[in-house]
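Student: Provided below: upload-v3.txt, containing compact mmCIF, C-alpha atoms.
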```
# COMPACT_ATOMS: atom_id res chain seq x y z
CA MET A 863 -67.73 -140.47 -67.28
CA ILE A 864 -64.01 -140.06 -66.72
CA ASP A 865 -63.45 -136.89 -64.72
CA ASN A 866 -61.27 -138.24 -61.93
CA LEU A 867 -58.30 -135.94 -61.46
CA PHE A 868 -56.28 -138.67 -59.75
CA PHE A 869 -56.67 -140.81 -62.84
CA LEU A 870 -56.24 -138.12 -65.46
CA TYR A 871 -53.28 -136.18 -64.00
CA PRO A 872 -50.59 -138.91 -63.78
CA ILE A 873 -51.16 -140.05 -67.35
CA GLY A 874 -51.77 -136.46 -68.46
CA ILE A 875 -48.14 -135.49 -67.72
CA LEU A 876 -47.09 -137.35 -70.85
CA GLU A 877 -49.21 -135.09 -73.07
CA PRO A 878 -47.42 -131.74 -72.58
CA ALA A 879 -44.07 -133.55 -72.68
CA VAL A 880 -44.94 -134.88 -76.15
CA ILE A 881 -46.24 -131.48 -77.32
CA LEU A 882 -43.03 -129.78 -76.13
CA PHE A 883 -41.02 -132.51 -77.87
CA LEU A 884 -42.92 -131.67 -81.06
CA ILE A 885 -41.97 -128.00 -80.68
CA HIS A 886 -38.39 -129.10 -80.01
CA ALA A 887 -38.46 -131.03 -83.33
CA LEU A 888 -40.06 -128.14 -85.27
CA SER A 889 -37.53 -125.59 -84.09
CA ASN A 890 -34.03 -126.95 -84.63
CA GLN A 891 -33.89 -128.42 -81.14
CA GLN A 892 -34.08 -125.27 -79.09
CA LEU A 893 -35.69 -127.03 -76.09
CA GLY A 894 -33.80 -129.64 -74.10
CA ALA A 895 -35.09 -132.63 -72.13
CA LYS A 896 -34.68 -130.74 -68.84
CA LYS A 897 -36.99 -127.93 -69.90
CA ILE A 898 -39.55 -130.37 -71.32
CA LEU A 899 -39.67 -132.43 -68.13
CA SER A 900 -39.79 -129.39 -65.85
CA ALA A 901 -42.74 -127.80 -67.68
CA SER A 902 -44.83 -130.97 -68.13
CA PRO A 903 -46.36 -131.21 -64.61
CA PHE A 904 -47.49 -127.58 -64.72
CA LEU A 905 -49.09 -127.90 -68.16
CA ALA A 906 -50.65 -131.25 -67.28
CA ALA A 907 -52.27 -129.70 -64.19
CA LEU A 908 -53.61 -126.84 -66.32
CA ALA A 909 -54.97 -129.16 -69.03
CA VAL A 910 -56.62 -131.65 -66.67
CA SER A 911 -58.18 -129.06 -64.36
CA THR A 912 -59.61 -126.98 -67.22
CA ARG A 913 -61.09 -130.05 -68.84
CA VAL A 914 -62.68 -131.32 -65.64
CA PHE A 915 -63.88 -128.03 -64.13
CA LEU A 916 -64.63 -125.77 -67.10
CA GLY A 917 -66.63 -128.21 -69.18
CA SER A 918 -65.70 -126.68 -72.51
CA TYR A 919 -63.32 -128.32 -74.95
CA ILE A 920 -62.68 -125.09 -76.85
CA ILE A 921 -61.81 -123.04 -73.77
CA SER A 922 -59.65 -125.82 -72.30
CA ILE A 923 -57.59 -126.04 -75.50
CA ILE A 924 -57.27 -122.25 -75.74
CA LEU A 925 -56.13 -122.04 -72.08
CA TYR A 926 -53.75 -124.95 -72.69
CA THR A 927 -52.28 -123.05 -75.65
CA LEU A 928 -51.92 -119.91 -73.55
CA GLY A 929 -50.20 -121.97 -70.85
CA LEU A 930 -47.79 -123.31 -73.46
CA ILE A 931 -47.01 -119.78 -74.67
CA ILE A 932 -46.32 -118.74 -71.05
CA VAL A 933 -43.99 -121.72 -70.61
CA LEU A 934 -42.12 -120.84 -73.83
CA THR A 935 -41.85 -117.25 -72.60
CA ALA A 936 -40.37 -118.52 -69.32
CA PHE A 937 -37.84 -120.49 -71.39
CA ARG A 938 -37.05 -117.31 -73.38
CA TYR A 939 -37.79 -119.19 -76.56
CA LYS A 940 -37.20 -116.80 -79.48
CA GLY A 941 -39.68 -113.89 -79.91
CA LEU A 942 -43.39 -113.53 -79.16
CA THR A 943 -44.46 -114.20 -82.79
CA GLU A 944 -42.40 -117.39 -82.88
CA ARG A 945 -43.81 -118.61 -79.53
CA ILE A 946 -47.39 -118.11 -80.62
CA THR A 947 -46.79 -119.67 -84.05
CA MET A 948 -45.03 -122.74 -82.64
CA SER A 949 -47.79 -123.21 -80.04
CA PHE A 950 -50.47 -122.98 -82.74
CA LEU A 951 -48.57 -125.40 -85.00
CA ALA A 952 -47.91 -127.93 -82.25
CA PHE A 953 -51.55 -127.85 -81.10
CA SER A 954 -52.83 -128.07 -84.68
CA ILE A 955 -50.86 -131.27 -85.16
CA TYR A 956 -52.05 -132.48 -81.74
CA LEU A 957 -55.70 -131.81 -82.56
CA VAL A 958 -55.58 -133.34 -86.02
CA ILE A 959 -53.91 -136.49 -84.74
CA GLU A 960 -56.44 -136.72 -81.90
CA PHE A 961 -59.24 -136.54 -84.48
CA LEU A 962 -57.58 -139.13 -86.75
CA ASN A 963 -56.80 -141.39 -83.78
CA ILE A 964 -60.40 -141.48 -82.56
CA LYS A 965 -61.71 -141.93 -86.09
CA ALA A 966 -59.24 -144.73 -86.84
CA ILE A 967 -60.18 -146.60 -83.63
CA GLU A 968 -63.85 -146.10 -84.45
CA VAL A 969 -63.42 -147.47 -87.99
CA ILE A 970 -60.97 -150.31 -87.26
CA TRP A 971 -62.35 -151.63 -83.96
CA ASN A 972 -65.89 -150.27 -84.22
CA ILE A 973 -65.57 -148.51 -80.87
CA ALA A 974 -67.87 -145.52 -80.52
CA PRO A 975 -66.19 -142.29 -79.33
CA ARG A 976 -68.51 -142.11 -76.29
CA GLN A 977 -67.00 -145.35 -74.96
CA PHE A 978 -63.64 -143.58 -74.49
CA MET A 979 -65.08 -141.43 -71.74
CA GLU A 980 -66.80 -144.33 -70.01
CA ASP A 981 -64.12 -147.02 -69.98
CA PRO A 982 -60.76 -146.15 -68.31
CA LEU A 983 -58.89 -148.88 -70.22
CA LEU A 984 -60.21 -147.66 -73.55
CA TYR A 985 -59.38 -144.10 -72.58
CA LEU A 986 -55.82 -145.18 -71.75
CA PHE A 987 -55.52 -147.08 -75.02
CA GLY A 988 -56.77 -144.11 -77.04
CA PHE A 989 -54.53 -141.71 -75.14
CA LEU A 990 -51.37 -143.81 -75.54
CA SER A 991 -51.96 -144.39 -79.25
CA HIS A 992 -52.49 -140.63 -79.65
CA MET A 993 -49.18 -139.93 -77.88
CA ALA A 994 -47.36 -142.60 -79.90
CA ALA A 995 -48.62 -141.04 -83.15
CA LEU A 996 -47.47 -137.58 -82.00
CA VAL A 997 -44.00 -138.89 -81.14
CA ILE A 998 -43.72 -140.52 -84.58
CA VAL A 999 -44.72 -137.24 -86.26
CA ALA A 1000 -42.16 -135.35 -84.13
CA LEU A 1001 -39.42 -137.81 -85.12
CA ILE A 1002 -40.32 -137.47 -88.81
CA VAL A 1003 -40.31 -133.66 -88.54
CA ALA A 1004 -36.89 -133.77 -86.82
CA ARG A 1005 -35.56 -136.15 -89.49
CA PHE A 1006 -36.53 -133.78 -92.34
CA ASN A 1007 -35.20 -130.68 -90.56
CA VAL A 1008 -38.40 -128.65 -90.81
CA PHE A 1009 -36.98 -125.60 -89.09
CA ILE A 1010 -39.75 -123.05 -89.36
CA PHE A 1011 -37.75 -120.06 -88.19
CA GLU A 1012 -34.24 -121.06 -89.20
CA GLU A 1013 -32.62 -120.30 -92.54
CA PRO A 1014 -31.22 -123.41 -94.27
CA LEU A 1015 -27.40 -123.66 -94.16
CA ARG A 1016 -25.83 -122.82 -97.52
CA ARG A 1017 -23.25 -125.33 -98.72
CA GLY A 1018 -19.85 -124.13 -99.96
CA MET B 336 -35.97 -113.41 -90.52
CA ALA B 337 -38.27 -111.11 -92.53
CA LEU B 338 -41.24 -109.76 -90.59
CA TYR B 339 -43.60 -110.63 -93.45
CA TYR B 340 -42.60 -114.29 -93.23
CA LYS B 341 -43.14 -114.45 -89.45
CA ILE B 342 -46.55 -112.79 -89.69
CA ALA B 343 -47.56 -115.04 -92.61
CA MET B 344 -46.51 -118.14 -90.64
CA LEU B 345 -48.43 -116.92 -87.59
CA ILE B 346 -51.59 -116.36 -89.64
CA CYS B 347 -51.32 -119.77 -91.35
CA ALA B 348 -50.64 -121.53 -88.03
CA GLY B 349 -53.55 -119.70 -86.41
CA GLN B 350 -55.89 -120.65 -89.24
CA VAL B 351 -54.93 -124.34 -89.03
CA PHE B 352 -55.22 -124.30 -85.24
CA LEU B 353 -58.70 -122.78 -85.23
CA LEU B 354 -59.98 -125.09 -87.96
CA ALA B 355 -58.64 -128.13 -86.11
CA LEU B 356 -60.25 -126.85 -82.90
CA VAL B 357 -63.65 -126.48 -84.57
CA ILE B 358 -63.48 -129.98 -86.08
CA ASN B 359 -62.31 -131.59 -82.83
CA ASN B 360 -64.98 -129.76 -80.85
CA SER B 361 -67.66 -131.37 -83.01
CA LEU B 362 -66.02 -134.75 -82.43
CA MET B 363 -65.78 -134.21 -78.67
CA LYS B 364 -69.56 -133.75 -78.47
CA ARG B 365 -69.85 -137.35 -79.68
CA THR B 366 -67.29 -138.62 -77.17
CA GLY B 367 -69.34 -137.31 -74.27
CA PHE B 368 -66.67 -134.84 -73.25
CA PRO B 369 -67.98 -133.19 -70.07
CA LEU B 370 -69.89 -130.17 -71.34
CA ILE B 371 -71.19 -127.69 -68.83
CA LEU B 372 -71.19 -124.42 -70.75
CA ASN B 373 -73.37 -123.68 -73.76
CA GLN B 374 -71.12 -124.55 -76.68
CA GLU B 375 -73.03 -122.53 -79.30
CA ILE B 376 -71.98 -119.28 -77.62
CA LEU B 377 -68.36 -120.20 -78.31
CA GLU B 378 -68.79 -121.77 -81.73
CA LEU B 379 -70.13 -118.64 -83.46
CA PRO B 380 -67.21 -116.31 -82.58
CA LEU B 381 -64.79 -119.16 -83.29
CA GLY B 382 -66.31 -119.64 -86.75
CA ILE B 383 -66.10 -115.89 -87.45
CA THR B 384 -62.44 -115.90 -86.34
CA VAL B 385 -61.71 -118.86 -88.67
CA PHE B 386 -63.28 -116.97 -91.58
CA PHE B 387 -61.25 -113.85 -90.73
CA PHE B 388 -58.01 -115.86 -90.62
CA ASN B 389 -58.83 -117.49 -93.96
CA ILE B 390 -59.09 -114.03 -95.56
CA LEU B 391 -55.87 -112.91 -93.85
CA VAL B 392 -54.00 -115.94 -95.25
CA ILE B 393 -54.80 -114.78 -98.80
CA PHE B 394 -53.25 -111.38 -98.12
CA ALA B 395 -50.28 -112.92 -96.29
CA VAL B 396 -49.45 -115.22 -99.23
CA LYS B 397 -49.87 -112.33 -101.69
CA ASN B 398 -47.50 -110.13 -99.65
CA LEU B 399 -44.98 -112.96 -99.43
CA TYR B 400 -45.06 -113.34 -103.22
CA PHE B 401 -44.42 -109.64 -103.85
CA SER B 402 -41.69 -109.57 -101.18
CA SER B 403 -39.89 -112.47 -102.84
CA LYS B 404 -40.18 -110.77 -106.25
CA GLU B 405 -38.68 -107.59 -104.80
CA ALA B 406 -35.86 -109.57 -103.18
CA GLU B 407 -35.12 -111.28 -106.51
CA GLN B 408 -35.05 -107.91 -108.32
CA ASN B 409 -32.68 -106.50 -105.67
CA LYS B 410 -30.40 -109.50 -106.21
CA ILE B 411 -30.33 -108.88 -109.98
CA ASP B 412 -29.66 -105.15 -109.48
CA ARG B 413 -26.78 -105.99 -107.15
CA LEU B 414 -25.27 -108.32 -109.76
CA LYS B 415 -25.63 -105.61 -112.44
CA MET B 416 -23.85 -103.12 -110.20
CA GLU B 417 -20.99 -105.58 -109.60
CA GLN B 418 -20.59 -106.13 -113.34
CA LEU B 419 -20.65 -102.39 -114.01
CA GLU B 420 -17.93 -101.90 -111.41
CA LYS B 421 -15.81 -104.59 -113.10
CA GLN B 422 -16.45 -103.00 -116.49
CA TYR B 423 -15.36 -99.61 -115.17
CA GLU B 424 -12.18 -101.15 -113.75
CA LEU B 425 -11.42 -102.78 -117.13
CA HIS B 426 -12.07 -99.49 -118.94
CA ARG B 427 -9.70 -97.71 -116.57
CA GLN B 428 -6.97 -100.28 -117.20
CA HIS B 429 -7.45 -100.08 -120.96
CA LYS B 430 -7.29 -96.31 -120.87
CA HIS B 431 -4.03 -96.50 -118.93
CA ASP B 432 -2.55 -99.07 -121.39
CA PHE B 433 -3.69 -97.06 -124.42
CA LYS B 434 -2.06 -93.94 -123.02
CA ASN B 435 1.21 -95.83 -122.62
CA HIS B 436 1.05 -97.09 -126.23
CA LEU B 437 0.37 -93.55 -127.50
CA ASN B 438 3.38 -92.27 -125.52
CA VAL B 439 5.58 -94.91 -127.15
CA ILE B 440 4.21 -94.05 -130.63
CA ALA B 441 4.75 -90.32 -129.99
CA GLY B 442 8.33 -91.02 -128.83
CA LEU B 443 9.16 -93.06 -131.94
CA ALA B 444 7.52 -90.41 -134.22
CA ARG B 445 9.61 -87.64 -132.57
CA LYS B 446 12.80 -89.65 -133.24
CA ASN B 447 11.63 -90.16 -136.88
CA ASP B 448 12.27 -93.91 -136.34
CA HIS B 449 9.64 -94.91 -138.93
CA GLU B 450 10.77 -98.54 -139.16
CA ARG B 451 10.43 -99.20 -135.45
CA LEU B 452 7.21 -97.17 -135.40
CA LEU B 453 5.70 -99.35 -138.14
CA ASP B 454 6.84 -102.53 -136.32
CA TYR B 455 5.33 -101.28 -133.10
CA LEU B 456 2.02 -100.37 -134.75
CA SER B 457 1.93 -103.75 -136.55
CA ASN B 458 2.48 -105.61 -133.24
CA TYR B 459 -0.16 -103.52 -131.54
CA ILE B 460 -2.73 -104.20 -134.26
CA ASN B 461 -1.97 -107.96 -134.02
CA HIS B 462 -2.38 -107.77 -130.28
CA LEU B 463 -5.76 -106.02 -130.67
CA GLU B 464 -6.97 -108.70 -133.04
CA LYS B 465 -6.10 -111.42 -130.53
CA ASP B 466 -7.56 -109.42 -127.70
CA ILE B 467 -10.92 -110.00 -126.05
CA PRO B 468 -13.68 -109.68 -128.68
CA ALA B 469 -16.61 -107.37 -128.15
CA PHE B 470 -19.90 -109.15 -127.49
CA LYS B 471 -23.20 -108.11 -129.04
CA THR B 472 -25.92 -110.41 -127.71
CA GLY B 473 -28.62 -107.75 -127.83
CA LEU B 474 -28.75 -107.55 -124.03
CA LYS B 475 -26.36 -104.99 -122.57
CA GLU B 476 -26.10 -106.69 -119.17
CA MET B 477 -25.18 -109.98 -120.89
CA ASP B 478 -22.54 -108.22 -123.04
CA ILE B 479 -20.97 -106.66 -119.94
CA LEU B 480 -21.06 -109.96 -118.05
CA LEU B 481 -19.49 -111.91 -120.95
CA TYR B 482 -16.82 -109.25 -121.48
CA ALA B 483 -15.92 -109.22 -117.79
CA LYS B 484 -15.70 -113.02 -117.59
CA SER B 485 -13.67 -113.30 -120.80
CA ALA B 486 -11.26 -110.60 -119.57
CA GLU B 487 -10.83 -112.53 -116.33
CA ALA B 488 -10.18 -115.77 -118.27
CA HIS B 489 -7.74 -113.95 -120.60
CA SER B 490 -5.78 -112.57 -117.64
CA LYS B 491 -5.38 -116.12 -116.29
CA GLY B 492 -4.29 -117.47 -119.65
CA VAL B 493 -7.49 -119.37 -120.30
CA GLU B 494 -8.97 -119.50 -123.79
CA PHE B 495 -12.55 -118.23 -123.80
```
Please rewrite the model in this file as structure tokens.

Tutor:
Amino acid sequence: MIDNLFFLYPIGILEPAVILFLIHALSNQQLGAKKILSASPFLAALAVSTRVFLGSYIISIILYTLGLIIVLTAFRYKGLTERITMSFLAFSIYLVIEFLNIKAIEVIWNIAPRQFMEDPLLYLFGFLSHMAALVIVALIVARFNVFIFEEPLRRG
Amino acid sequence: MALYYKIAMLICAGQVFLLALVINNSLMKRTGFPLILNQEILELPLGITVFFFNILVIFAVKNLYFSSKEAEQNKIDRLKMEQLEKQYELHRQHKHDFKNHLNVIAGLARKNDHERLLDYLSNYINHLEKDIPAFKTGLKEMDILLYAKSAEAHSKGVEF
């Protein structure tokens, strides 16, 4: 069972960076690379430690979301409603893609979900494909200017 | 941005988040995610919260619909007011012009200059016939709008 902090933490830093990048894409680019990179180690530590020590997926995700809201508050990102909404949206996309990623690997390569937790290489493969899918979604969202809390510019 | 919109977005985002969490939690049991706590204690309140959010979404969407209807009505009322203001301005101008014409007619009548008076009246009647026609579409707001636009076109020398 993979619960080694020294294995999970270094690769886990990528996860909050990608989630913050998704929020950056959803919100008319209000977060810069500096902020994303500065917040990632803190959020990664929160995510990994809650997953390893708490033993509850639901609570770890809820604490992760709260951590993200705190980070957005530190960045003075818009108002409280917007911070909570963007955190929920970003994590919804994260969770759905995690589900689809595991299901797709299970269907295409016939790899049972339990094997992810037992084999470090498989875990890494699943994790990286999950992150790649999130980045693609963020790029698509940025391309179509899905600005949730911005009014569209009127021409003329 | 409108408060209704922000609250509606928050409720929708919360609903999607909780649903995704419930689905992923079921999947994580199959992955052998380290589970120490009793999951059922968490799943029941989570499910109740999901149900509550689903009901809230219905009300949020309904409120958004009525807000947008009200905004649309306010926009139409504002346009009507603008047209009424233009109509009043036109009426004021016409009243001023008509007063001037009557002064000229009164002056010519006092001088007993019937020939010039008749010429003047004939010219004025011709001018009125070429003037902006009155519109009768059956909808007062449309009549006012068409009259205002045709007066504007007429003042710029454009045939309407």

Student: For the contact check between range 867-966 of chain A and range 982-999 of chain A, emit one row per residue of range 867-966 of chain A within 9 Å, containing the shortest atom pair and the distance in Å rounded to one decimal, counting all atoms listed in the file, chain then rising number order, as a Markdown table.

Tutor:
```
| residue | atom | partner | partner_atom | distance |
| --- | --- | --- | --- | --- |
| A:Phe869 | CA | A:Pro982 | CA | 8.7 |
| A:Ile873 | CA | A:Leu986 | CA | 8.2 |
| A:Gly874 | CA | A:Phe989 | CA | 8.9 |
| A:Leu876 | CA | A:Met993 | CA | 7.8 |
| A:Glu877 | CA | A:Met993 | CA | 6.8 |
| A:Val880 | CA | A:Val997 | CA | 6.5 |
| A:Ile881 | CA | A:Leu996 | CA | 7.8 |
| A:Phe883 | CA | A:Val997 | CA | 7.8 |
| A:Leu884 | CA | A:Val997 | CA | 7.3 |
| A:Ile955 | CA | A:Leu996 | CA | 7.8 |
| A:Tyr956 | CA | A:Leu996 | CA | 6.9 |
| A:Ile959 | CA | A:His992 | CA | 6.7 |
| A:Glu960 | CA | A:His992 | CA | 6.0 |
| A:Leu962 | CA | A:His992 | CA | 8.9 |
| A:Asn963 | CA | A:His992 | CA | 6.0 |
| A:Ile964 | CA | A:Gly988 | CA | 7.1 |
```

Student: I need the chain A residues near chain B as a count of residues only; criterion: at most 8 Å, counting only C-alpha atoms.

Tutor: 32

Student: Grab the CA of Arg945 in chain A to CA of Thr912 in chain A distance for me, in Å with one decimal place.

Tutor: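 CA of Thr912 in chain A lies 21.7 Å from CA of Arg945 in chain A.
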
Student: Calculate how many Å separate CA of Ala906 in chain A from CA of Ile931 in chain A, rounding to one decimal.

Tutor: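 According to the coordinates, CA of Ala906 in chain A and CA of Ile931 in chain A are separated by 14.1 Å.
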
Student: CA of Tyr482 in chain B and CA of Ile411 in chain B, how far apart in Å?

Tutor: 17.7 Å

Student: Please put the answer as AutoDock Vina command-line options: centre and edge lengths, in Å with one decimal, of a box along x, y and z that encloses all listed atoms of range 399-410 of chain B plus 8 Å on each side.

Tutor:
```
--center_x -37.7 --center_y -109.9 --center_z -103.9 --size_x 30.7 --size_y 22.8 --size_z 24.9
```
